[in-house]
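Visitor: Following this line is start-v1.txt, made up of compact mmCIF, C-alpha atoms and all ligand atoms:
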# COMPACT_ATOMS: atom_id res chain seq x y z
CA GLY A 1085 5.00 33.85 -16.38
CA GLY A 1086 3.65 30.34 -16.79
CA VAL A 1087 5.48 27.13 -17.51
CA THR A 1088 6.04 25.91 -21.05
CA THR A 1089 6.79 22.25 -20.52
CA ILE A 1090 5.02 19.55 -18.62
CA ASP A 1091 5.95 16.10 -17.35
CA PRO A 1092 2.83 13.91 -17.41
CA GLY A 1093 2.85 11.41 -14.57
CA TYR A 1094 5.90 13.29 -13.15
CA LYS A 1095 8.13 10.64 -14.74
CA ASN A 1096 11.17 12.89 -14.50
CA THR A 1097 10.19 15.35 -11.79
CA GLY A 1098 11.71 15.25 -8.34
CA SER A 1099 9.32 16.66 -5.76
CA CYS A 1100 11.47 16.75 -2.64
CA GLU A 1101 14.71 15.85 -0.94
CA SER A 1102 14.24 12.77 1.21
CA ALA A 1103 16.45 10.75 3.52
CA ILE A 1104 13.99 7.90 4.05
CA THR A 1105 14.08 5.38 1.19
CA PHE A 1106 16.73 4.71 -1.44
CA LEU A 1107 15.63 3.04 -4.63
CA ASN A 1108 17.73 2.13 -7.65
CA GLY A 1109 15.37 0.87 -10.33
CA GLU A 1110 18.07 -0.21 -12.77
CA LYS A 1111 19.84 -2.40 -10.25
CA GLY A 1112 16.76 -3.43 -8.24
CA ILE A 1113 18.00 -2.01 -4.92
CA LEU A 1114 15.70 -0.90 -2.10
CA ARG A 1115 16.90 0.42 1.27
CA TYR A 1116 15.12 2.03 4.21
CA ARG A 1117 17.34 4.62 5.93
CA GLY A 1118 20.37 2.84 4.42
CA TYR A 1119 19.44 -0.70 5.49
CA SER A 1120 18.77 -3.19 2.70
CA ILE A 1121 15.26 -4.52 2.41
CA GLU A 1122 16.54 -8.10 2.30
CA GLU A 1123 18.24 -7.71 5.66
CA LEU A 1124 15.32 -5.91 7.28
CA ALA A 1125 12.82 -8.53 6.06
CA GLU A 1126 15.03 -11.25 7.50
CA LYS A 1127 16.10 -9.73 10.82
CA ALA A 1128 13.78 -6.92 11.91
CA ASP A 1129 10.15 -6.85 12.95
CA PHE A 1130 7.55 -4.50 11.55
CA LEU A 1131 7.37 -2.15 14.52
CA GLU A 1132 11.17 -1.74 14.53
CA VAL A 1133 11.05 -0.92 10.84
CA ALA A 1134 8.22 1.56 11.47
CA TYR A 1135 10.36 3.29 14.08
CA LEU A 1136 13.37 3.28 11.76
CA LEU A 1137 11.41 4.82 8.89
CA ILE A 1138 9.72 7.47 10.99
CA PHE A 1139 12.58 8.53 13.28
CA GLY A 1140 15.62 7.65 11.15
CA GLU A 1141 17.46 5.13 13.36
CA LEU A 1142 16.90 1.58 14.56
CA PRO A 1143 15.46 1.85 18.07
CA THR A 1144 17.17 0.65 21.23
CA ARG A 1145 15.10 -1.82 23.27
CA GLU A 1146 14.00 1.05 25.59
CA LYS A 1147 12.97 3.29 22.73
CA LEU A 1148 11.04 0.52 21.03
CA ASP A 1149 9.28 -0.43 24.27
CA LYS A 1150 8.28 3.18 24.89
CA PHE A 1151 7.04 3.56 21.31
CA TYR A 1152 4.91 0.44 21.62
CA THR A 1153 3.61 1.39 25.07
CA ASP A 1154 2.56 4.81 23.73
CA ILE A 1155 0.91 3.17 20.72
CA LYS A 1156 -0.98 0.69 22.91
CA LYS A 1157 -2.38 3.51 25.05
CA GLN A 1158 -3.95 4.89 21.89
CA ALA A 1159 -5.22 1.62 20.50
CA VAL A 1160 -8.90 2.38 21.06
CA VAL A 1161 -11.34 4.33 18.92
CA ASP A 1162 -14.43 6.28 19.92
CA GLU A 1163 -17.45 3.97 20.14
CA ASP A 1164 -19.25 6.27 17.70
CA ILE A 1165 -16.88 5.07 14.98
CA LYS A 1166 -18.91 1.84 15.11
CA LYS A 1167 -22.01 3.80 14.08
CA ILE A 1168 -20.21 5.14 11.02
CA LEU A 1169 -19.03 1.65 10.16
CA ASP A 1170 -22.58 0.35 10.64
CA ALA A 1171 -23.93 2.80 8.08
CA PHE A 1172 -21.90 1.15 5.29
CA PRO A 1173 -23.46 -1.74 3.38
CA LYS A 1174 -21.63 -5.04 3.81
CA THR A 1175 -20.80 -4.88 0.10
CA ALA A 1176 -18.80 -1.64 0.50
CA HIS A 1177 -15.21 -1.95 -0.67
CA PRO A 1178 -12.98 -2.10 2.44
CA MET A 1179 -10.61 0.55 1.03
CA GLY A 1180 -13.45 3.08 0.83
CA VAL A 1181 -14.51 2.21 4.36
CA LEU A 1182 -10.94 2.48 5.66
CA SER A 1183 -10.34 5.82 3.99
CA SER A 1184 -13.61 7.21 5.42
CA LEU A 1185 -12.95 5.94 8.94
CA THR A 1186 -9.38 7.26 8.91
CA SER A 1187 -10.68 10.67 7.92
CA ALA A 1188 -13.43 10.42 10.55
CA LEU A 1189 -10.81 9.92 13.27
CA THR A 1190 -9.98 13.62 12.93
CA ALA A 1191 -13.44 14.52 14.24
CA PHE A 1192 -12.79 12.54 17.42
CA ASN A 1193 -9.18 13.69 17.80
CA PRO A 1194 -9.16 17.35 16.77
CA SER A 1195 -5.96 18.02 18.69
CA SER A 1196 -4.07 15.90 16.15
CA VAL A 1197 -4.51 18.51 13.40
CA ASN A 1198 -2.36 21.49 14.36
CA VAL A 1199 1.09 20.11 14.91
CA GLU A 1200 3.44 22.83 16.00
CA SER A 1201 6.17 20.82 17.67
CA GLU A 1202 7.84 17.44 17.33
CA GLU A 1203 5.93 16.41 20.43
CA ASP A 1204 2.60 17.24 18.75
CA MET A 1205 3.72 15.17 15.78
CA TYR A 1206 4.74 12.27 18.00
CA ASN A 1207 1.33 12.30 19.68
CA ALA A 1208 -0.49 12.25 16.34
CA ILE A 1209 1.80 9.44 15.13
CA VAL A 1210 1.28 7.08 18.08
CA LYS A 1211 -2.46 7.76 17.89
CA ILE A 1212 -2.75 6.62 14.31
CA MET A 1213 -0.31 3.72 14.76
CA GLY A 1214 -2.61 2.53 17.56
CA LYS A 1215 -5.98 3.18 15.97
CA PHE A 1216 -5.32 2.13 12.39
CA PRO A 1217 -5.04 -1.63 13.05
CA VAL A 1218 -8.35 -1.43 14.91
CA LEU A 1219 -9.99 0.13 11.85
CA VAL A 1220 -8.39 -2.48 9.57
CA ALA A 1221 -9.65 -5.36 11.71
CA TRP A 1222 -13.11 -3.87 12.14
CA THR A 1223 -13.46 -3.28 8.42
CA LEU A 1224 -12.94 -7.00 7.88
CA ARG A 1225 -15.13 -8.13 10.77
CA LYS A 1226 -18.01 -5.85 9.89
CA LYS A 1227 -18.00 -7.31 6.38
CA GLN A 1228 -18.24 -10.77 7.86
CA GLY A 1229 -20.91 -9.82 10.38
CA LEU A 1230 -18.61 -10.59 13.32
CA PRO A 1231 -18.46 -8.72 16.65
CA LEU A 1232 -16.12 -5.75 16.88
CA ASP A 1233 -13.77 -5.40 19.75
CA TYR A 1234 -10.14 -5.02 20.69
CA GLY A 1235 -7.34 -7.52 20.64
CA ASP A 1236 -4.93 -8.44 23.35
CA LYS A 1237 -2.38 -5.83 24.28
CA SER A 1238 0.00 -8.36 25.74
CA LEU A 1239 0.71 -9.41 22.16
CA GLY A 1240 3.10 -7.84 19.66
CA TYR A 1241 1.83 -5.27 17.14
CA VAL A 1242 1.42 -7.66 14.21
CA GLU A 1243 0.22 -10.56 16.36
CA ASN A 1244 -2.45 -8.28 17.78
CA VAL A 1245 -3.62 -7.24 14.31
CA LEU A 1246 -4.14 -10.90 13.46
CA LYS A 1247 -5.88 -11.46 16.77
CA MET A 1248 -8.29 -8.59 16.13
CA MET A 1249 -8.96 -9.80 12.60
CA PHE A 1250 -9.43 -13.48 13.31
CA LYS A 1251 -10.35 -14.11 16.94
CA GLU A 1252 -13.57 -16.10 17.01
CA PRO A 1253 -14.28 -18.04 14.98
CA ASN A 1254 -10.75 -18.46 13.61
CA GLU A 1255 -8.76 -18.29 16.82
CA GLU A 1256 -6.17 -20.73 15.48
CA TYR A 1257 -5.06 -18.14 12.93
CA THR A 1258 -4.01 -15.69 15.59
CA GLN A 1259 -1.67 -18.07 17.36
CA ASN A 1260 0.11 -19.45 14.36
CA PRO A 1261 3.73 -18.19 14.28
CA ILE A 1262 3.94 -19.00 10.56
CA LEU A 1263 1.17 -16.50 9.86
CA VAL A 1264 2.58 -13.90 12.23
CA ASN A 1265 6.02 -14.13 10.60
CA ALA A 1266 4.62 -14.08 7.09
CA LEU A 1267 2.49 -11.02 7.78
CA ASP A 1268 5.35 -9.27 9.56
CA LYS A 1269 7.57 -9.77 6.53
CA LEU A 1270 4.89 -8.62 4.07
CA LEU A 1271 4.24 -5.47 6.08
CA ILE A 1272 7.98 -4.67 6.19
CA LEU A 1273 8.25 -5.08 2.42
CA HIS A 1274 5.34 -2.69 1.90
CA ALA A 1275 6.39 -0.13 4.50
CA ASP A 1276 7.83 2.56 2.20
CA HIS A 1277 8.65 3.12 -1.43
CA GLU A 1278 9.68 6.77 -1.76
CA GLN A 1279 7.54 9.17 -3.83
CA ASN A 1280 4.93 6.79 -5.28
CA CYS A 1281 1.36 7.90 -6.03
CA SER A 1282 -0.10 7.48 -2.53
CA THR A 1283 2.98 8.85 -0.72
CA SER A 1284 3.11 11.89 -2.97
CA THR A 1285 -0.58 12.34 -2.19
CA VAL A 1286 0.04 12.21 1.55
CA ARG A 1287 2.85 14.76 1.25
CA ILE A 1288 0.88 17.11 -0.98
CA VAL A 1289 -2.28 17.02 1.14
CA GLY A 1290 -0.16 17.46 4.28
CA SER A 1291 1.66 20.38 2.64
CA SER A 1292 -1.51 22.46 3.01
CA HIS A 1293 -1.22 21.71 6.76
CA ALA A 1294 -4.33 19.56 6.70
CA GLY A 1295 -3.99 17.07 9.56
CA LEU A 1296 -2.12 13.77 9.48
CA PHE A 1297 -5.28 11.65 9.46
CA ALA A 1298 -6.83 13.60 6.55
CA SER A 1299 -3.54 13.26 4.64
CA LEU A 1300 -3.46 9.51 5.28
CA SER A 1301 -7.09 9.15 4.23
CA ALA A 1302 -6.18 10.73 0.87
CA GLY A 1303 -3.20 8.37 0.59
CA ILE A 1304 -5.47 5.37 1.17
CA SER A 1305 -7.72 6.53 -1.68
CA ALA A 1306 -4.70 6.86 -3.98
CA LEU A 1307 -3.48 3.39 -3.01
CA TRP A 1308 -6.87 1.88 -3.84
CA GLY A 1309 -6.47 2.08 -7.63
CA PRO A 1310 -5.49 -1.05 -9.59
CA LEU A 1311 -2.43 0.64 -11.11
CA HIS A 1312 -1.09 1.11 -7.56
CA GLY A 1313 -1.89 -0.90 -4.41
CA GLY A 1314 -5.14 -2.23 -5.85
CA ALA A 1315 -2.97 -4.37 -8.13
CA ASN A 1316 -2.72 -7.08 -5.45
CA GLN A 1317 -6.49 -7.63 -5.60
CA ALA A 1318 -6.44 -7.31 -9.40
CA VAL A 1319 -3.68 -9.96 -9.68
CA LEU A 1320 -5.68 -12.50 -7.76
CA GLU A 1321 -8.83 -11.78 -9.73
CA MET A 1322 -6.81 -12.14 -12.92
CA LEU A 1323 -5.35 -15.49 -11.80
CA GLU A 1324 -8.82 -16.71 -10.79
CA GLY A 1325 -10.14 -15.62 -14.18
CA ILE A 1326 -7.38 -17.49 -16.01
CA LYS A 1327 -8.02 -20.60 -13.94
CA ALA A 1328 -11.78 -20.45 -14.58
CA ASP A 1329 -10.99 -20.05 -18.28
CA GLY A 1330 -9.10 -23.33 -18.38
CA GLY A 1331 -5.69 -22.09 -17.21
CA ASP A 1332 -4.58 -20.99 -20.69
CA THR A 1333 -1.79 -18.58 -19.77
CA LYS A 1334 -0.65 -18.17 -23.40
CA LYS A 1335 -4.02 -16.65 -24.30
CA TYR A 1336 -3.63 -14.02 -21.58
CA MET A 1337 -0.05 -13.30 -22.53
CA ALA A 1338 -1.31 -12.52 -26.03
CA LYS A 1339 -4.05 -10.26 -24.63
CA ALA A 1340 -1.51 -8.38 -22.50
CA LYS A 1341 0.63 -7.70 -25.57
CA ASP A 1342 -2.30 -6.64 -27.76
CA LYS A 1343 -2.43 -2.83 -27.77
CA ASP A 1344 -6.13 -2.88 -28.75
CA ASP A 1345 -6.97 -4.95 -25.69
CA PRO A 1346 -7.14 -3.02 -22.40
CA PHE A 1347 -5.97 -6.13 -20.49
CA ARG A 1348 -2.61 -5.75 -18.76
CA LEU A 1349 -0.69 -8.41 -16.94
CA MET A 1350 -1.43 -7.24 -13.42
CA GLY A 1351 1.50 -7.41 -11.01
CA PHE A 1352 3.94 -6.77 -13.85
CA GLY A 1353 5.82 -3.60 -14.63
CA HIS A 1354 6.86 -0.69 -12.50
CA ARG A 1355 7.53 3.00 -13.00
CA VAL A 1356 10.94 2.81 -11.38
CA TYR A 1357 12.10 -0.83 -11.44
CA LYS A 1358 13.50 -1.81 -14.80
CA ASN A 1359 14.85 -4.95 -13.20
CA PHE A 1360 13.46 -7.47 -10.73
CA ASP A 1361 11.50 -5.77 -7.94
CA PRO A 1362 13.60 -6.91 -4.93
CA ARG A 1363 10.41 -7.17 -2.89
CA ALA A 1364 8.90 -9.59 -5.42
CA LYS A 1365 11.92 -11.89 -5.08
CA ILE A 1366 11.48 -12.14 -1.32
CA ILE A 1367 7.71 -12.51 -1.57
CA LYS A 1368 7.91 -15.27 -4.16
CA LYS A 1369 10.09 -17.34 -1.86
CA SER A 1370 7.85 -16.52 1.08
CA ALA A 1371 4.75 -17.64 -0.89
CA ASP A 1372 6.38 -21.02 -1.45
CA ASP A 1373 7.42 -21.34 2.21
CA VAL A 1374 4.16 -20.17 3.72
CA LEU A 1375 1.88 -22.31 1.57
CA ASP A 1376 4.18 -25.23 2.21
CA GLN A 1377 4.19 -24.75 5.97
CA LEU A 1378 0.43 -24.25 6.07
CA GLY A 1379 -0.08 -27.27 3.86
CA VAL A 1380 -2.07 -25.21 1.36
CA GLU A 1381 -2.00 -26.38 -2.25
CA ASP A 1382 -3.19 -23.52 -4.37
CA PRO A 1383 -3.47 -24.16 -8.12
CA ILE A 1384 -3.27 -20.42 -8.60
CA LEU A 1385 0.39 -20.46 -7.53
CA ALA A 1386 1.18 -22.71 -10.50
CA ILE A 1387 -0.63 -20.35 -12.86
CA ALA A 1388 1.31 -17.40 -11.45
CA LYS A 1389 4.63 -19.19 -11.87
CA GLY A 1390 3.71 -20.19 -15.40
CA LEU A 1391 2.82 -16.61 -16.33
CA GLU A 1392 6.00 -15.29 -14.77
CA LYS A 1393 8.16 -17.78 -16.66
CA GLU A 1394 6.50 -16.99 -19.97
CA ALA A 1395 6.72 -13.25 -19.45
CA LEU A 1396 10.40 -13.35 -18.50
CA GLU A 1397 11.15 -15.16 -21.76
CA ASP A 1398 8.89 -13.03 -23.97
CA SER A 1399 10.46 -10.24 -26.02
CA TYR A 1400 7.51 -7.87 -25.39
CA PHE A 1401 8.16 -7.98 -21.64
CA VAL A 1402 11.95 -8.25 -21.97
CA ASP A 1403 12.21 -5.24 -24.31
CA ARG A 1404 10.05 -3.09 -22.03
CA LYS A 1405 11.87 -4.34 -18.92
CA LEU A 1406 8.63 -5.54 -17.33
CA TYR A 1407 9.27 -7.74 -14.30
CA PRO A 1408 6.97 -9.05 -11.56
CA ASN A 1409 6.39 -6.38 -8.91
CA VAL A 1410 5.59 -6.56 -5.19
CA ASP A 1411 1.93 -7.27 -5.89
CA PHE A 1412 2.41 -10.35 -8.09
CA TYR A 1413 2.78 -12.93 -5.32
CA SER A 1414 1.57 -11.09 -2.19
CA GLY A 1415 -2.09 -11.91 -2.81
CA ILE A 1416 -1.32 -15.62 -2.96
CA ILE A 1417 0.12 -15.41 0.55
CA TYR A 1418 -2.79 -13.33 1.86
CA ARG A 1419 -5.17 -15.88 0.38
CA GLY A 1420 -3.27 -18.73 2.03
CA MET A 1421 -3.65 -16.82 5.30
CA GLY A 1422 -7.44 -16.70 4.93
CA ILE A 1423 -7.67 -12.99 4.11
CA PRO A 1424 -10.47 -12.19 1.62
CA THR A 1425 -9.40 -10.80 -1.78
CA ASP A 1426 -10.93 -7.35 -1.36
CA MET A 1427 -8.97 -6.92 1.89
CA PHE A 1428 -5.57 -7.29 0.18
CA THR A 1429 -5.11 -3.60 -0.49
CA VAL A 1430 -6.11 -2.85 3.09
CA MET A 1431 -3.20 -5.06 4.18
CA PHE A 1432 -0.95 -3.04 1.89
CA ALA A 1433 -2.21 0.15 3.58
CA LEU A 1434 -1.44 -1.31 7.00
CA GLY A 1435 2.12 -1.95 5.85
CA ARG A 1436 2.51 1.44 4.13
CA LEU A 1437 1.24 3.38 7.17
CA PRO A 1438 4.70 4.02 8.72
CA GLY A 1439 6.10 5.08 5.35
CA TRP A 1440 3.33 7.61 4.83
CA ILE A 1441 3.83 8.88 8.37
CA ALA A 1442 7.61 9.16 7.93
CA GLN A 1443 7.19 11.09 4.68
CA TRP A 1444 4.59 13.42 6.19
CA ARG A 1445 6.82 14.09 9.20
CA GLU A 1446 9.85 14.74 7.01
CA MET A 1447 7.82 17.11 4.84
CA ARG A 1448 6.65 19.08 7.89
CA LEU A 1449 10.11 19.14 9.52
CA GLN A 1450 11.65 20.36 6.26
CA LYS A 1451 8.98 23.08 6.23
CA GLU A 1452 8.19 22.33 2.62
CA PRO A 1453 6.01 24.89 0.84
CA ILE A 1454 2.50 23.97 -0.22
CA GLY A 1455 2.52 21.56 -3.18
CA ARG A 1456 1.14 23.41 -6.16
CA PRO A 1457 2.22 22.32 -9.66
CA ARG A 1458 1.68 24.55 -12.69
CA GLN A 1459 0.10 23.70 -16.06
CA VAL A 1460 0.25 24.56 -19.73
CA TYR A 1461 -3.15 26.02 -20.62
CA VAL A 1462 -4.55 24.61 -23.88
CA GLY A 1463 -8.19 25.77 -23.65
CA GLU A 1464 -10.18 28.49 -25.46
CA ASN A 1465 -8.91 32.03 -25.83
CA HIS A 1466 -11.04 34.82 -24.45
CA ARG A 1467 -14.56 34.78 -25.92
CA PRO A 1468 -17.72 36.78 -25.27
CA PHE A 1469 -20.51 35.31 -23.13
CA LYS A 1470 -23.48 33.90 -25.07
CA ASP A 1471 -26.94 34.15 -23.57
CA ILE A 1472 -28.59 30.77 -22.96
CA SER A 1473 -31.22 31.53 -25.63
CA GLU A 1474 -28.45 31.88 -28.26
CA ARG A 1475 -26.47 28.65 -27.55
N1 LIG B 1501 1.12 -5.58 -19.06
C1 LIG B 1501 1.32 -5.31 -20.37
N2 LIG B 1501 2.00 -4.23 -20.83
C2 LIG B 1501 2.52 -3.39 -19.91
C3 LIG B 1501 2.35 -3.62 -18.52
C4 LIG B 1501 1.63 -4.74 -18.11
N3 LIG B 1501 1.44 -4.99 -16.81
N4 LIG B 1501 2.96 -2.61 -17.84
C5 LIG B 1501 3.49 -1.81 -18.77
N5 LIG B 1501 3.22 -2.26 -20.02
C6 LIG B 1501 3.70 -1.68 -21.29
C7 LIG B 1501 2.90 -0.45 -21.65
O1 LIG B 1501 1.78 -0.79 -22.44
C8 LIG B 1501 3.93 0.36 -22.40
O2 LIG B 1501 4.07 -0.20 -23.68
P1 LIG B 1501 4.40 0.74 -24.97
O3 LIG B 1501 5.74 1.34 -24.66
O4 LIG B 1501 4.39 -0.21 -26.11
O5 LIG B 1501 3.29 1.74 -25.03
C9 LIG B 1501 5.22 0.08 -21.64
O6 LIG B 1501 5.03 -1.22 -21.08
C10 LIG B 1501 5.54 1.08 -20.54
O7 LIG B 1501 4.43 1.13 -19.62
P2 LIG B 1501 3.78 2.46 -19.02
O8 LIG B 1501 2.35 2.22 -18.72
O9 LIG B 1501 4.12 3.62 -19.90
O10 LIG B 1501 4.62 2.59 -17.68
P3 LIG B 1501 4.22 3.42 -16.38
O11 LIG B 1501 5.48 3.67 -15.67
O12 LIG B 1501 3.37 4.59 -16.75
O13 LIG B 1501 3.29 2.40 -15.56
C11 LIG B 1501 2.59 0.65 -14.12
C12 LIG B 1501 3.74 1.57 -14.56
C13 LIG B 1501 2.99 -0.08 -12.86
C14 LIG B 1501 1.33 1.50 -13.82
C15 LIG B 1501 2.30 -0.37 -15.26
O14 LIG B 1501 3.43 -1.18 -15.48
C16 LIG B 1501 1.06 -1.22 -14.98
O15 LIG B 1501 -0.06 -0.81 -15.29
N6 LIG B 1501 1.25 -2.46 -14.39
C17 LIG B 1501 0.14 -3.30 -14.01
C18 LIG B 1501 -0.43 -2.81 -12.68
C19 LIG B 1501 0.45 -3.13 -11.51
O16 LIG B 1501 0.92 -4.24 -11.35
N7 LIG B 1501 0.65 -2.15 -10.63
C20 LIG B 1501 1.43 -2.31 -9.39
C21 LIG B 1501 2.66 -1.49 -9.42
S1 LIG B 1501 3.84 -1.93 -8.14
C22 LIG B 1501 3.20 -1.63 -6.59
C23 LIG B 1501 2.30 -0.49 -6.44
O17 LIG B 1501 2.50 0.62 -6.91
O18 LIG B 1501 1.35 -0.70 -5.70
Could the structure of this file be written out as structure tokens, please?
Ligand code: CMC
Guide:
Amino acid sequence: GGVTTIDPGYKNTGSCESAITFLNGEKGILRYRGYSIEELAEKADFLEVAYLLIFGELPTREKLDKFYTDIKKQAVVDEDIKKILDAFPKTAHPMGVLSSLTSALTAFNPSSVNVESEEDMYNAIVKIMGKFPVLVAWTLRKKQGLPLDYGDKSLGYVENVLKMMFKEPNEEYTQNPILVNALDKLLILHADHEQNCSTSTVRIVGSSHAGLFASLSAGISALWGPLHGGANQAVLEMLEGIKADGGDTKKYMAKAKDKDDPFRLMGFGHRVYKNFDPRAKIIKKSADDVLDQLGVEDPILAIAKGLEKEALEDSYFVDRKLYPNVDFYSGIIYRGMGIPTDMFTVMFALGRLPGWIAQWREMRLQKEPIGRPRQVYVGENHRPFKDISER
């Protein structure tokens, strides 16, 4: 028998049991493995959080050192990856490039596909944790016509990402602790968010026992869209547009409320949060601090604050419980850090990587069956074939 009811967008469908991330949308609570996001953003570093998400516990110093040593051993990619990168036009969107290169890694690491033991999984995990930042940095550098090479393995994970992205001609970026801390915090805040669109994609692709890298590549494609991770790019483009249009936030508020106008206030609203997104709170404060410390005065920050204030007082947004989400202020920080707008979602992917990995690993360890939803068929009944001459 078939199913008789559907749940478009899976608004009320649970797809799995998970012990990774706890989210209470009514109260605005987010915890990784039981630890509150506020505390992790304040006290942990990104690699520790990655370990926590993937393996379930905060690492001891020894465990963290081993994890990082294993990752560093894998932090190279086959030189032929450069040829694939070279074949893309400079105008290619970095998310498309990143998704393709992540998928291409499978061809150079075929042993990562069939994972039969926890050890096989561990090996695939440290490989991608090592190689992904290289792909992220190269995607940026290729776009800018800069030489591609590796960072400095004596540095920390996040410091090294910045080094690979910015060394020559912007060396000063890579040594600035303000930038390192800001990026570390942003990556932690993006690291997992339970069964969102891209994570569900990773789990469902992985459920067919396709390899980890192929599953991640699919997740990157899902993240790309403006209703999901692509919102951080869309927010900045929106703010730029409002500024260029004279900074009239009221006009755009009216557009966002007009049901005949496709415009939405990007960076507002969330499927699960019907309260402040706790990540947005931290990021807003961080945007103030970082721009302050860097001495950047960005008129776009004022526009964002103006929009937020108006929306929080407007009955349309209040009634629908639409609050700023993680993407509302993150782009302003990325911009202050010198990261181009179309790279913002790539930075989100870098942060989400451990979450995707943790969810994929949990799915495989739980031996979940292949993901295969049903449908309610609403098409034609049986009908006889018509020859082409009679149509
Ligand atoms: N601007 C104006 N109206 C909105 C907005 C918005 N940003 N978001 C939701 N609404 C309205 C929507 O029109 C609907 O109104 P009505 O009930 O009158 O038809 C109501 O609020 C409920 O919205 P929905 O689209 O049914 O809710 P959803 O859960 O399907 O969508 C969302 C959630 C995040 C896709 C949506 O809020 C949105 O498009 N926001 C803008 C894009 C964005 O910022 N995305 C980032 C999400 S957070 C991080 C991430 O996933 O990467």
Visitor: Distance table requested - chain A against ligand LIG 1501 (chain B), cut-off 6 Å, all atoms listed in the file: one row per qualifying residue with the closest atom pair and its distance in Å to one decimal, ordered by chain and rising residue number, as JSON lines.
Guide:
{"residue": "A:Leu1311", "atom": "CA", "partner": "B:LIG1501", "partner_atom": "N7", "distance": 4.2}
{"residue": "A:His1312", "atom": "CA", "partner": "B:LIG1501", "partner_atom": "O18", "distance": 3.6}
{"residue": "A:Gly1313", "atom": "CA", "partner": "B:LIG1501", "partner_atom": "O18", "distance": 3.5}
{"residue": "A:Ala1315", "atom": "CA", "partner": "B:LIG1501", "partner_atom": "N7", "distance": 4.9}
{"residue": "A:Ala1340", "atom": "CA", "partner": "B:LIG1501", "partner_atom": "C1", "distance": 4.7}
{"residue": "A:Lys1341", "atom": "CA", "partner": "B:LIG1501", "partner_atom": "C1", "distance": 5.8}
{"residue": "A:Arg1348", "atom": "CA", "partner": "B:LIG1501", "partner_atom": "N1", "distance": 3.7}
{"residue": "A:Leu1349", "atom": "CA", "partner": "B:LIG1501", "partner_atom": "N1", "distance": 4.0}
{"residue": "A:Met1350", "atom": "CA", "partner": "B:LIG1501", "partner_atom": "C17", "distance": 4.3}
{"residue": "A:Gly1351", "atom": "CA", "partner": "B:LIG1501", "partner_atom": "O16", "distance": 3.2}
{"residue": "A:Phe1352", "atom": "CA", "partner": "B:LIG1501", "partner_atom": "N3", "distance": 4.3}
{"residue": "A:Gly1353", "atom": "CA", "partner": "B:LIG1501", "partner_atom": "O14", "distance": 3.5}
{"residue": "A:His1354", "atom": "CA", "partner": "B:LIG1501", "partner_atom": "C13", "distance": 3.9}
{"residue": "A:Arg1355", "atom": "CA", "partner": "B:LIG1501", "partner_atom": "O11", "distance": 3.4}
{"residue": "A:Arg1404", "atom": "CA", "partner": "B:LIG1501", "partner_atom": "O6", "distance": 5.4}
{"residue": "A:Asn1409", "atom": "CA", "partner": "B:LIG1501", "partner_atom": "S1", "distance": 5.2}
{"residue": "A:Val1410", "atom": "CA", "partner": "B:LIG1501", "partner_atom": "C22", "distance": 5.7}
{"residue": "A:Asp1411", "atom": "CA", "partner": "B:LIG1501", "partner_atom": "C22", "distance": 5.8}
Visitor: Keeping only C-alpha atoms, write the selected residues as an mmCIF file, in the coordinates of the input.
Guide:
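Saved the output as out_13.cif:
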data_model
loop_
_atom_site.group_PDB
_atom_site.id
_atom_site.type_symbol
_atom_site.label_atom_id
_atom_site.label_comp_id
_atom_site.auth_asym_id
_atom_site.auth_seq_id
_atom_site.Cartn_x
_atom_site.Cartn_y
_atom_site.Cartn_z
ATOM 1 C CA LEU A 1311 -2.430 0.640 -11.110
ATOM 2 C CA HIS A 1312 -1.090 1.110 -7.560
ATOM 3 C CA GLY A 1313 -1.890 -0.900 -4.410
ATOM 4 C CA ALA A 1315 -2.970 -4.370 -8.130
ATOM 5 C CA ALA A 1340 -1.510 -8.380 -22.500
ATOM 6 C CA LYS A 1341 0.630 -7.700 -25.570
ATOM 7 C CA ARG A 1348 -2.610 -5.750 -18.760
ATOM 8 C CA LEU A 1349 -0.690 -8.410 -16.940
ATOM 9 C CA MET A 1350 -1.430 -7.240 -13.420
ATOM 10 C CA GLY A 1351 1.500 -7.410 -11.010
ATOM 11 C CA PHE A 1352 3.940 -6.770 -13.850
ATOM 12 C CA GLY A 1353 5.820 -3.600 -14.630
ATOM 13 C CA HIS A 1354 6.860 -0.690 -12.500
ATOM 14 C CA ARG A 1355 7.530 3.000 -13.000
ATOM 15 C CA ARG A 1404 10.050 -3.090 -22.030
ATOM 16 C CA ASN A 1409 6.390 -6.380 -8.910
ATOM 17 C CA VAL A 1410 5.590 -6.560 -5.190
ATOM 18 C CA ASP A 1411 1.930 -7.270 -5.890
#
Visitor: Under the rule of at most 12 Å, produce a per-residue listing of stretch 1176-1197 of chain A near stretch 1431-1434 of chain A: chain, number, name, the closest pair of atoms, and the distance in Å, as CSV, using all atoms listed in the file.
Guide:
residue,atom,partner,partner_atom,distance
A:Pro1178,CA,A:Met1431,CA,10.4
A:Met1179,CA,A:Ala1433,CA,8.8
A:Gly1180,CA,A:Ala1433,CA,11.9
A:Leu1182,CA,A:Ala1433,CA,9.3
A:Ser1183,CA,A:Ala1433,CA,9.9
A:Thr1186,CA,A:Ala1433,CA,11.4
Visitor: So, counting only C-alpha atoms, which residue among A:Ser1299, A:Asn1244, A:Thr1089, A:Asn1316 is closest to A:Gln1459?
Guide: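 Closest candidate: A:Thr1089.
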Visitor: Do a neighbour search on A:Asp1382 at 12 Å with all atoms listed in the file, toss out local chain neighbours closer than 2 positions, and write the hits as a list in words.
Guide: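 So the residues in contact are Leu1320, Leu1323, Glu1324, Lys1327, Ala1371, Asp1372, Val1374, Leu1375, Asp1376, Leu1378, Gly1379, Val1380, Ile1384, Leu1385, Ala1386, Ile1387, Ala1388, Lys1389, Gly1415, Ile1416, Ile1417, Tyr1418, Arg1419, Gly1420 and Met1421 of chain A.
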